[in-house]
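Trainee: What follows is structure-v1.txt; its format and atoms are compact mmCIF, C-alpha atoms and all ligand atoms.
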# COMPACT_ATOMS: atom_id res chain seq x y z
CA MET A 1198 -16.88 11.03 -4.74
CA ASN A 1199 -17.59 13.47 -7.52
CA VAL A 1200 -14.46 13.31 -9.61
CA SER A 1201 -13.90 15.40 -12.69
CA CYS A 1202 -10.91 14.79 -14.90
CA SER A 1203 -9.56 15.42 -18.33
CA PHE A 1204 -8.08 12.23 -19.63
CA GLY A 1205 -9.82 12.21 -23.02
CA GLY A 1206 -11.35 8.90 -24.04
CA ASP A 1207 -10.29 7.24 -20.82
CA SER A 1208 -11.99 9.82 -18.64
CA VAL A 1209 -14.79 7.53 -17.44
CA VAL A 1210 -12.41 4.78 -16.42
CA GLN A 1211 -10.02 7.30 -14.88
CA ALA A 1212 -12.77 8.90 -12.83
CA LYS A 1213 -13.84 5.56 -11.40
CA LEU A 1214 -10.30 4.43 -10.73
CA SER A 1215 -9.55 7.59 -8.89
CA SER A 1216 -12.28 7.17 -6.29
CA VAL A 1217 -9.92 5.33 -3.92
CA PRO A 1218 -7.88 7.75 -1.77
CA ILE A 1219 -4.10 7.39 -1.88
CA VAL A 1220 -2.13 9.20 0.82
CA TYR A 1221 1.43 10.06 -0.08
CA SER A 1222 4.06 12.79 0.11
CA PRO A 1223 7.46 13.08 -1.60
CA LYS A 1224 8.69 13.86 1.92
CA TYR A 1225 8.30 10.17 2.84
CA LYS A 1226 11.61 9.66 1.05
CA ILE A 1227 14.73 9.90 3.20
CA SER A 1228 18.11 11.03 1.95
CA VAL A 1229 21.05 11.42 4.30
CA PHE A 1230 24.15 12.41 2.34
CA GLY A 1231 23.66 9.24 0.25
CA MET A 1232 24.31 7.04 3.31
CA GLU A 1233 20.84 5.52 3.17
CA LYS A 1234 22.24 3.20 0.46
CA PHE A 1235 24.11 1.29 3.16
CA HIS A 1236 20.95 0.52 5.11
CA PRO A 1237 18.81 -2.50 4.19
CA PHE A 1238 15.67 -0.37 3.97
CA ASP A 1239 14.92 0.70 0.40
CA ILE A 1240 14.08 4.25 1.22
CA ALA A 1241 12.93 4.98 -2.34
CA LYS A 1242 10.30 2.21 -2.07
CA TYR A 1243 7.40 4.58 -1.36
CA ASP A 1244 8.34 6.84 -4.23
CA LYS A 1245 8.65 3.98 -6.71
CA ILE A 1246 5.22 2.62 -5.73
CA TYR A 1247 3.62 6.05 -6.00
CA LYS A 1248 5.20 6.78 -9.39
CA GLY A 1249 4.19 3.35 -10.72
CA LEU A 1250 0.55 3.84 -9.71
CA LYS A 1251 0.54 7.39 -11.04
CA ASN A 1252 2.01 6.37 -14.41
CA ASP A 1253 -0.68 3.71 -14.71
CA GLY A 1254 -3.42 6.27 -14.01
CA TYR A 1255 -4.43 4.75 -10.66
CA VAL A 1256 -3.60 7.93 -8.80
CA THR A 1257 -4.79 11.30 -10.03
CA LYS A 1258 -4.47 14.78 -8.61
CA HIS A 1259 -8.03 14.34 -7.35
CA THR A 1260 -7.25 11.36 -5.18
CA VAL A 1261 -3.73 11.86 -3.88
CA ILE A 1262 -3.64 13.44 -0.46
CA ASP A 1263 -0.50 15.02 1.00
CA PRO A 1264 -0.96 14.51 4.75
CA ALA A 1265 -0.16 16.81 7.65
CA GLU A 1266 2.60 15.62 9.98
CA VAL A 1267 1.44 13.83 13.11
CA THR A 1268 1.46 16.40 15.92
CA ALA A 1269 3.20 16.21 19.29
CA GLU A 1270 -0.19 16.07 20.97
CA GLU A 1271 -1.20 13.10 18.81
CA MET A 1272 2.10 11.29 19.43
CA LEU A 1273 1.62 11.74 23.18
CA LEU A 1274 -1.51 9.59 22.96
CA VAL A 1275 0.91 6.64 22.62
CA HIS A 1276 4.50 7.75 23.27
CA THR A 1277 6.04 9.10 26.48
CA LYS A 1278 7.26 12.67 26.76
CA GLU A 1279 10.79 11.45 27.53
CA TYR A 1280 10.87 9.29 24.42
CA LEU A 1281 9.74 12.13 22.15
CA LYS A 1282 12.46 14.27 23.69
CA SER A 1283 15.02 11.58 22.85
CA LEU A 1284 14.16 11.97 19.15
CA LYS A 1285 15.96 15.32 19.17
CA LYS A 1286 19.38 13.64 19.51
CA THR A 1287 21.05 11.98 16.53
CA LYS A 1288 22.74 9.30 18.62
CA ASN A 1289 19.37 8.06 19.91
CA VAL A 1290 17.68 8.07 16.52
CA ALA A 1291 20.65 6.31 14.87
CA HIS A 1292 20.38 3.65 17.56
CA TYR A 1293 16.59 3.20 17.08
CA LEU A 1294 17.03 2.99 13.32
CA GLU A 1295 19.95 0.57 13.70
CA ALA A 1296 22.06 2.78 11.46
CA PRO A 1297 25.23 3.89 13.30
CA GLN A 1298 26.42 5.72 10.17
CA LEU A 1299 23.65 8.28 10.75
CA ARG A 1300 25.52 9.57 13.83
CA VAL A 1301 27.32 12.07 11.62
CA ILE A 1302 24.09 14.07 11.17
CA PRO A 1303 24.28 17.20 13.33
CA ASN A 1304 21.47 17.40 15.87
CA SER A 1305 20.37 20.63 14.21
CA MET A 1306 19.67 18.80 10.92
CA LEU A 1307 18.17 15.64 12.39
CA ASP A 1308 14.55 16.73 12.41
CA ASN A 1309 14.46 17.93 8.82
CA MET A 1310 16.46 15.01 7.42
CA LEU A 1311 14.89 12.16 9.35
CA VAL A 1312 12.39 12.57 12.13
CA SER A 1313 10.00 14.86 10.25
CA ARG A 1314 9.84 12.22 7.45
CA PHE A 1315 8.52 9.68 9.94
CA ARG A 1316 6.06 12.26 11.33
CA LYS A 1317 4.81 12.89 7.80
CA ALA A 1318 4.28 9.20 7.04
CA SER A 1319 2.62 8.74 10.45
CA GLY A 1320 0.29 11.64 9.72
CA GLY A 1321 -0.40 9.76 6.49
CA THR A 1322 -1.72 6.77 8.41
CA ILE A 1323 -4.13 9.00 10.34
CA GLU A 1324 -5.24 10.67 7.10
CA ALA A 1325 -5.71 7.34 5.30
CA ALA A 1326 -7.82 6.09 8.19
CA ARG A 1327 -10.05 9.16 8.03
CA CYS A 1328 -10.37 8.67 4.27
CA ALA A 1329 -11.25 4.99 4.64
CA LEU A 1330 -14.04 5.88 7.07
CA LYS A 1331 -15.41 8.63 4.82
CA SER A 1332 -14.87 7.48 1.24
CA PRO A 1333 -17.58 5.55 -0.67
CA LYS A 1334 -15.23 2.63 -1.30
CA LYS A 1335 -14.43 2.32 2.42
CA MET A 1336 -10.74 1.83 1.70
CA ALA A 1337 -7.59 3.95 1.53
CA PHE A 1338 -3.85 3.45 1.18
CA ASN A 1339 -0.99 5.18 2.91
CA LEU A 1340 2.05 4.62 0.68
CA GLY A 1341 4.28 4.59 3.76
CA GLY A 1342 3.96 3.99 7.50
CA GLY A 1343 3.44 0.66 9.23
CA PHE A 1344 6.25 1.37 11.72
CA HIS A 1345 5.22 -1.61 13.80
CA HIS A 1346 8.36 -2.00 15.96
CA ALA A 1347 8.04 1.41 17.66
CA LYS A 1348 7.02 1.18 21.32
CA PRO A 1349 5.72 3.86 23.72
CA SER A 1350 9.15 4.60 25.14
CA SER A 1351 11.59 3.20 22.58
CA GLY A 1352 12.23 2.80 18.88
CA GLU A 1353 13.77 -0.19 17.14
CA GLY A 1354 13.80 -2.13 13.87
CA PHE A 1355 13.87 1.01 11.65
CA CYS A 1356 10.75 2.36 13.43
CA ILE A 1357 10.53 5.47 15.61
CA ILE A 1358 6.85 6.50 15.59
CA ALA A 1359 4.02 4.05 16.29
CA ASP A 1360 1.79 5.34 13.49
CA VAL A 1361 -0.97 2.71 13.63
CA PRO A 1362 -1.57 2.84 17.43
CA ILE A 1363 -1.48 6.65 17.23
CA ALA A 1364 -4.06 6.66 14.42
CA ILE A 1365 -6.30 4.36 16.47
CA ARG A 1366 -6.08 6.65 19.52
CA VAL A 1367 -6.77 9.76 17.42
CA LEU A 1368 -9.87 8.20 15.82
CA GLN A 1369 -11.10 6.97 19.20
CA LYS A 1370 -10.57 10.40 20.74
CA GLU A 1371 -12.56 12.00 17.94
CA ASN A 1372 -15.30 9.40 18.41
CA LEU A 1373 -14.91 8.21 14.83
CA ILE A 1374 -14.36 4.61 15.94
CA LYS A 1375 -14.66 2.55 19.08
CA ARG A 1376 -12.81 -0.61 18.12
CA ALA A 1377 -9.91 -1.43 15.79
CA LEU A 1378 -8.31 -4.56 14.36
CA VAL A 1379 -4.65 -4.56 13.27
CA ILE A 1380 -3.75 -7.29 10.76
CA ASP A 1381 0.03 -7.44 10.55
CA THR A 1382 1.38 -9.50 7.65
CA ASP A 1383 4.93 -8.17 7.68
CA ILE A 1384 7.11 -11.26 8.22
CA HIS A 1385 8.49 -9.80 11.49
CA GLN A 1386 6.19 -9.70 14.49
CA GLY A 1387 4.60 -6.29 15.09
CA ASN A 1388 6.03 -6.23 18.60
CA GLY A 1389 5.79 -2.45 18.95
CA THR A 1390 2.13 -2.31 17.96
CA ILE A 1391 1.41 -5.09 20.45
CA VAL A 1392 3.11 -3.28 23.35
CA CYS A 1393 1.35 0.00 22.47
CA LEU A 1394 -2.07 -1.68 22.46
CA GLN A 1395 -1.58 -4.39 25.10
CA ASP A 1396 -4.38 -5.05 27.61
CA ASP A 1397 -6.77 -2.80 25.68
CA PRO A 1398 -10.13 -4.49 25.06
CA THR A 1399 -11.00 -1.97 22.31
CA THR A 1400 -8.17 -3.14 20.06
CA TYR A 1401 -7.16 -6.52 18.65
CA THR A 1402 -3.73 -7.32 17.23
CA PHE A 1403 -3.22 -10.18 14.79
CA SER A 1404 0.35 -10.82 13.67
CA MET A 1405 1.44 -13.63 11.34
CA HIS A 1406 5.22 -13.82 11.34
CA GLU A 1407 8.26 -16.05 11.08
CA GLY A 1408 9.56 -17.54 14.35
CA GLY A 1409 13.31 -17.63 14.93
CA ILE A 1410 14.04 -14.17 13.50
CA TYR A 1411 13.86 -10.61 14.88
CA PRO A 1412 12.19 -9.59 17.14
CA MET A 1413 13.35 -11.96 19.87
CA PRO A 1414 11.74 -12.66 22.23
CA LYS A 1415 8.29 -12.13 20.73
CA GLU A 1416 5.62 -10.10 22.49
CA SER A 1417 2.25 -11.60 23.28
CA GLY A 1418 -0.49 -10.04 21.17
CA ASP A 1419 -4.18 -10.89 20.99
CA GLU A 1420 -3.47 -13.44 18.26
CA ASP A 1421 -0.03 -14.47 17.05
CA VAL A 1422 0.62 -17.03 14.36
CA GLU A 1423 4.20 -18.19 14.17
CA LEU A 1424 5.29 -19.55 10.80
CA ALA A 1425 8.22 -21.87 10.15
CA GLY A 1426 11.01 -20.51 7.93
CA GLY A 1427 10.59 -20.79 4.17
CA VAL A 1428 6.83 -20.22 4.04
CA THR A 1429 5.30 -20.65 0.56
CA ASP A 1430 2.28 -18.91 -0.98
CA THR A 1431 0.09 -21.98 -0.50
CA GLU A 1432 0.91 -22.46 3.18
CA TYR A 1433 0.68 -18.76 3.91
CA LEU A 1434 -2.64 -18.14 2.20
CA LYS A 1435 -4.24 -21.28 3.66
CA THR A 1436 -3.23 -20.27 7.19
CA LEU A 1437 -4.41 -16.68 6.76
CA GLN A 1438 -7.74 -17.68 5.23
CA GLY A 1439 -8.38 -19.97 8.18
CA LYS A 1440 -7.94 -17.09 10.64
CA LEU A 1441 -9.80 -14.16 9.07
CA ASP A 1442 -13.44 -14.77 10.01
CA GLY A 1443 -12.42 -15.65 13.57
CA MET A 1444 -10.49 -12.42 14.14
CA PHE A 1445 -13.36 -10.28 12.85
CA ALA A 1446 -15.79 -12.15 15.12
CA LYS A 1447 -13.54 -11.70 18.16
CA SER A 1448 -12.59 -8.08 17.55
CA LYS A 1449 -15.81 -6.61 16.08
CA PRO A 1450 -13.82 -3.77 14.53
CA ASP A 1451 -14.97 -0.40 13.20
CA ILE A 1452 -11.80 -0.21 11.11
CA VAL A 1453 -8.98 -2.52 9.98
CA PHE A 1454 -5.35 -1.39 9.72
CA HIS A 1455 -3.39 -3.73 7.48
CA VAL A 1456 0.35 -3.53 8.15
CA ALA A 1457 1.22 -5.08 4.82
CA GLY A 1458 4.98 -5.69 4.53
CA CYS A 1459 6.65 -7.44 1.62
CA ASP A 1460 9.43 -9.21 3.48
CA ALA A 1461 7.85 -12.68 3.17
CA LEU A 1462 9.05 -12.54 -0.44
CA ASP A 1463 11.62 -15.03 -1.67
CA GLY A 1464 15.07 -13.42 -1.50
CA ASP A 1465 14.42 -11.01 1.35
CA PRO A 1466 17.73 -10.60 3.23
CA LEU A 1467 16.05 -10.31 6.65
CA ALA A 1468 13.77 -13.38 6.54
CA SER A 1469 13.50 -16.75 4.81
CA GLY A 1470 10.00 -16.72 3.24
CA LYS A 1471 9.50 -18.08 -0.25
CA MET A 1472 6.48 -16.09 -1.31
CA THR A 1473 5.99 -14.72 -4.83
CA HIS A 1474 4.56 -11.43 -6.10
CA GLU A 1475 1.33 -13.28 -6.89
CA GLY A 1476 1.16 -14.63 -3.35
CA ILE A 1477 1.55 -11.13 -1.87
CA ALA A 1478 -1.23 -9.83 -4.14
CA MET A 1479 -3.51 -12.72 -3.13
CA ARG A 1480 -2.78 -12.08 0.54
CA ASP A 1481 -3.77 -8.42 0.26
CA ALA A 1482 -6.86 -9.22 -1.82
CA MET A 1483 -7.91 -11.81 0.77
CA ILE A 1484 -7.71 -9.27 3.60
CA LEU A 1485 -9.58 -6.58 1.66
CA ALA A 1486 -12.24 -9.14 0.70
CA ALA A 1487 -12.68 -10.05 4.38
CA CYS A 1488 -13.13 -6.35 5.25
CA LYS A 1489 -15.76 -5.99 2.56
CA LYS A 1490 -17.52 -9.17 3.69
CA HIS A 1491 -17.71 -7.87 7.25
CA GLY A 1492 -18.49 -4.28 6.16
CA VAL A 1493 -15.37 -2.80 7.81
CA PRO A 1494 -13.27 0.05 6.32
CA TYR A 1495 -9.77 -0.97 5.24
CA VAL A 1496 -6.49 0.98 5.56
CA MET A 1497 -3.19 -0.29 4.17
CA THR A 1498 0.19 0.84 5.50
CA LEU A 1499 3.34 -0.45 3.82
CA SER A 1500 5.84 -1.48 6.54
CA GLY A 1501 8.89 -3.65 5.65
CA GLY A 1502 10.30 -5.41 2.60
CA TYR A 1503 14.04 -5.48 1.92
CA SER A 1504 14.56 -7.39 -1.30
CA LYS A 1505 15.22 -5.35 -4.45
CA ASP A 1506 11.81 -6.23 -5.85
CA ALA A 1507 9.79 -5.66 -2.65
CA TRP A 1508 8.49 -2.31 -3.95
CA GLU A 1509 7.39 -3.98 -7.19
CA ALA A 1510 5.45 -6.73 -5.39
CA GLN A 1511 3.63 -4.15 -3.25
CA TYR A 1512 3.00 -1.89 -6.25
CA LYS A 1513 1.52 -4.75 -8.28
CA SER A 1514 -0.65 -5.80 -5.37
CA ILE A 1515 -2.04 -2.30 -4.77
CA ARG A 1516 -2.57 -1.84 -8.50
CA SER A 1517 -4.62 -5.02 -8.72
CA LEU A 1518 -6.71 -4.00 -5.68
CA LEU A 1519 -7.43 -0.64 -7.34
CA GLU A 1520 -8.18 -2.32 -10.66
CA ALA A 1521 -10.80 -4.46 -8.96
CA GLU A 1522 -12.59 -1.28 -7.87
CA VAL A 1523 -13.26 -0.22 -11.46
CA GLU A 1524 -16.96 -0.62 -12.08
ZN ZN B 1601 9.48 -6.74 8.53
Hey, can you dump this file as structure tokens for me?
Mentor:
Amino acid sequence: MNVSCSFGGDSVVQAKLSSVPIVYSPKYKISVFGMEKFHPFDIAKYDKIYKGLKNDGYVTKHTVIDPAEVTAEEMLLVHTKEYLKSLKKTKNVAHYLEAPQLRVIPNSMLDNMLVSRFRKASGGTIEAARCALKSPKKMAFNLGGGFHHAKPSSGEGFCIIADVPIAIRVLQKENLIKRALVIDTDIHQGNGTIVCLQDDPTTYTFSMHEGGIYPMPKESGDEDVELAGGVTDTEYLKTLQGKLDGMFAKSKPDIVFHVAGCDALDGDPLASGKMTHEGIAMRDAMILAACKKHGVPYVMTLSGGYSKDAWEAQYKSIRSLLEAEVE
């Protein structure tokens, strides 16, 4: 990428740093009369990560991409018509997002306040995938998305649009890829992704998650690794490392979607993992290293993470991955 910039003495470093595409829009942030504060999802997470990376010089105006919203036609590659119609009613969306307090939003304001935000972040996953295929570094980040509980005809677990399966179908339709591997390291099973891609020999789902917590029962993906509660960095990283080469060999992917998630962190209110910020960074570096080893483009989507410092762990991890790209 031919990047020009004007950062004085740091210009050479800045130009090299900025060769990794970052997909983000301020519209990823959701605000519903301040009620979002009562929901476990830290809706400002995306914004905090973006601002942190920008302040550090890891995102420049040359590399940040504001994506188009996913279109109805693209969503129909995965979701049913009836389900998309159900997203026009507040009571349905509040139910899918497990946030009954949202029922006060008039139907007329629902799209602008909520649903369009998910469409934007889902469009971001498609855009990041295109960037990963095209960019010299063969990697890209969507600072949102990873809505891995959304299914073809239902939403749940704070997820209403199945962004990763949709991105896979769009790329396949455009003949940009044939096969895709989804590596889901959010601590909850990516049950929605699995249902969307089930019985499809062109896709391979790997999910490493805690047993005994949502979702129950679990779906059956191509490869599921169930962890006991209280997983530590050492156990987690050893298990993941032991699986990576095998999943690449079985799936032979043209692209990898990493549904990152930071809810394996110690202190997360929705799981019991004991991982540290360093462990999360090592996890992400391990997956990117495997993609590089196998010559496969890498896309990160953010997914869950509900502790107060989840954004910080993900920000530090992405920052260290970008730092490693400085030549
Ligand atoms: Zn999760």
Trainee: What residues of the protein or nucleic acid chains come within 7 Å of ligand ZN 1601 (chain B) when you use all atoms listed in the file? Reply as a PyMOL selection string.
Mentor: chain A and resi 1383-1385+1458+1460+1500-1502
Trainee: Under the rule of at most 8 Å, produce a per-residue listing of segment 1278-1364 of chain A near segment 1253-1272 of chain A: chain, number, name, the closest pair of atoms, and the distance in Å, as CSV, using only C-alpha atoms.
Mentor:
residue,atom,partner,partner_atom,distance
A:Ser1313,CA,A:Glu1266,CA,7.4
A:Arg1316,CA,A:Glu1266,CA,5.0
A:Lys1317,CA,A:Glu1266,CA,4.1
A:Ala1318,CA,A:Glu1266,CA,7.3
A:Ser1319,CA,A:Val1267,CA,5.9
A:Gly1320,CA,A:Val1267,CA,4.2
A:Gly1321,CA,A:Pro1264,CA,5.1
A:Ile1323,CA,A:Val1267,CA,7.9
A:Glu1324,CA,A:Pro1264,CA,6.2
A:Ile1358,CA,A:Met1272,CA,7.8
A:Ile1363,CA,A:Met1272,CA,6.3
Trainee: Which residues of segment 1427-1516 of chain A come within 10 Å of segment 1326-1336 of chain A, and for each one, what is the closest pair of atoms and their distance in Å to one decimal, counting all atoms listed in the file, sorted by chain and residue number, as a tab-separated table?
Mentor:
residue	atom	partner	partner_atom	distance
A:Asp1451	CA	A:Leu1330	CA	8.8
A:Ile1452	CA	A:Leu1330	CA	7.6
A:Val1453	CA	A:Ala1326	CA	8.9
A:Phe1454	CA	A:Ala1326	CA	8.0
A:Leu1485	CA	A:Met1336	CA	8.5
A:Cys1488	CA	A:Lys1335	CA	9.2
A:Lys1489	CA	A:Lys1335	CA	8.4
A:Gly1492	CA	A:Lys1335	CA	8.6
A:Val1493	CA	A:Lys1335	CA	7.5
A:Pro1494	CA	A:Lys1335	CA	4.7
A:Tyr1495	CA	A:Met1336	CA	4.6
A:Val1496	CA	A:Met1336	CA	5.8
A:Met1497	CA	A:Met1336	CA	8.2
A:Thr1498	CA	A:Ala1326	CA	9.9
Trainee: List the neighbours of Tyr1433 of chain A out to 9 Å using all atoms listed in the file; skip same-chain residues closer than 4 positions along the sequence, and give me the result as a list in words.
Mentor: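 Returned residues: Leu1424, Val1428, Thr1429, Leu1437, Gln1438, Met1472, Gly1476 and Arg1480 of chain A.
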Trainee: Restricting the calculation to all atoms listed in the file, which member of A:Val1301, A:Val1312, A:Tyr1401, A:Lys1226 is positioned closest to Lys1242 of chain A?
Mentor: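 Comparing A:Val1301, A:Val1312, A:Tyr1401, A:Lys1226 against Lys1242 of chain A, the winner is A:Lys1226.
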Trainee: Would you mind telling me which residue in A:Lys1224, A:Met1479, A:Ala1364, A:Val1217 lies nearest to Leu1434 of chain A when using only C-alpha atoms?
Mentor: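 Nearest candidate to Leu1434 of chain A out of A:Lys1224, A:Met1479, A:Ala1364, A:Val1217: A:Met1479.
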Trainee: For segment 1337-1352 of chain A, what centre and edge lengths in Å (one decimal) does the axis-aligned box get once 3 Å is added on each side of all its listed atoms, as AutoDock Vina command-line options?
Mentor:
--center_x 2.3 --center_y 1.6 --center_z 12.9 --size_x 25.8 --size_y 13.2 --size_z 30.5
Trainee: Counting all atoms listed in the file, select every polymer residue within 8 Å of (17.7, 0.6, 17.2) as defined in the file's coordinates, and provide the selection as number ranges by chain.
Mentor: A: 1290-1296, 1352-1355
Trainee: Restricting the calculation to all atoms listed in the file, which member of A:Asn1309, A:Ser1228, A:Asn1252, A:Ser1351 is positioned closest to Thr1277 of chain A?
Mentor: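 When distances to Thr1277 of chain A are compared using all atoms listed in the file, the smallest one comes from A:Ser1351.
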Trainee: Residues at most 12 Å from Ser1305 of chain A, counting all atoms listed in the file, excluding those fewer than 3 positions away in the same chain, as an mmCIF file with C-alpha atoms, in the frame of the given file?
Mentor:
data_model
loop_
_atom_site.group_PDB
_atom_site.id
_atom_site.type_symbol
_atom_site.label_atom_id
_atom_site.label_comp_id
_atom_site.auth_asym_id
_atom_site.auth_seq_id
_atom_site.Cartn_x
_atom_site.Cartn_y
_atom_site.Cartn_z
ATOM 1 C CA LEU A 1284 14.160 11.970 19.150
ATOM 2 C CA LYS A 1285 15.960 15.320 19.170
ATOM 3 C CA LYS A 1286 19.380 13.640 19.510
ATOM 4 C CA THR A 1287 21.050 11.980 16.530
ATOM 5 C CA VAL A 1301 27.320 12.070 11.620
ATOM 6 C CA ILE A 1302 24.090 14.070 11.170
ATOM 7 C CA ASP A 1308 14.550 16.730 12.410
ATOM 8 C CA ASN A 1309 14.460 17.930 8.820
ATOM 9 C CA MET A 1310 16.460 15.010 7.420
ATOM 10 C CA LEU A 1311 14.890 12.160 9.350
ATOM 11 C CA VAL A 1312 12.390 12.570 12.130
#
Trainee: Would you work out the distance separating atom CA of His1406 of chain A from atom CA of Ala1325 of chain A, expressed in Å to one decimal?
Mentor: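 Going from atom CA of His1406 of chain A over to atom CA of Ala1325 of chain A, I get 24.6 Å.
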Trainee: My list of candidates is A:Pro1450, A:Ala1425, A:Ile1227, A:Pro1362. Which is closest to Ile1240 of chain A when distances are computed with only C-alpha atoms?
Mentor: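 So, comparing all the options, the nearest one is A:Ile1227.
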Trainee: With only C-alpha atoms as the basis for distance, which of A:Cys1356, A:Ala1507, A:Cys1459, A:Met1413 is at the shortest distance from Phe1344 of chain A?
Mentor: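 Nearest to Phe1344 of chain A: A:Cys1356.
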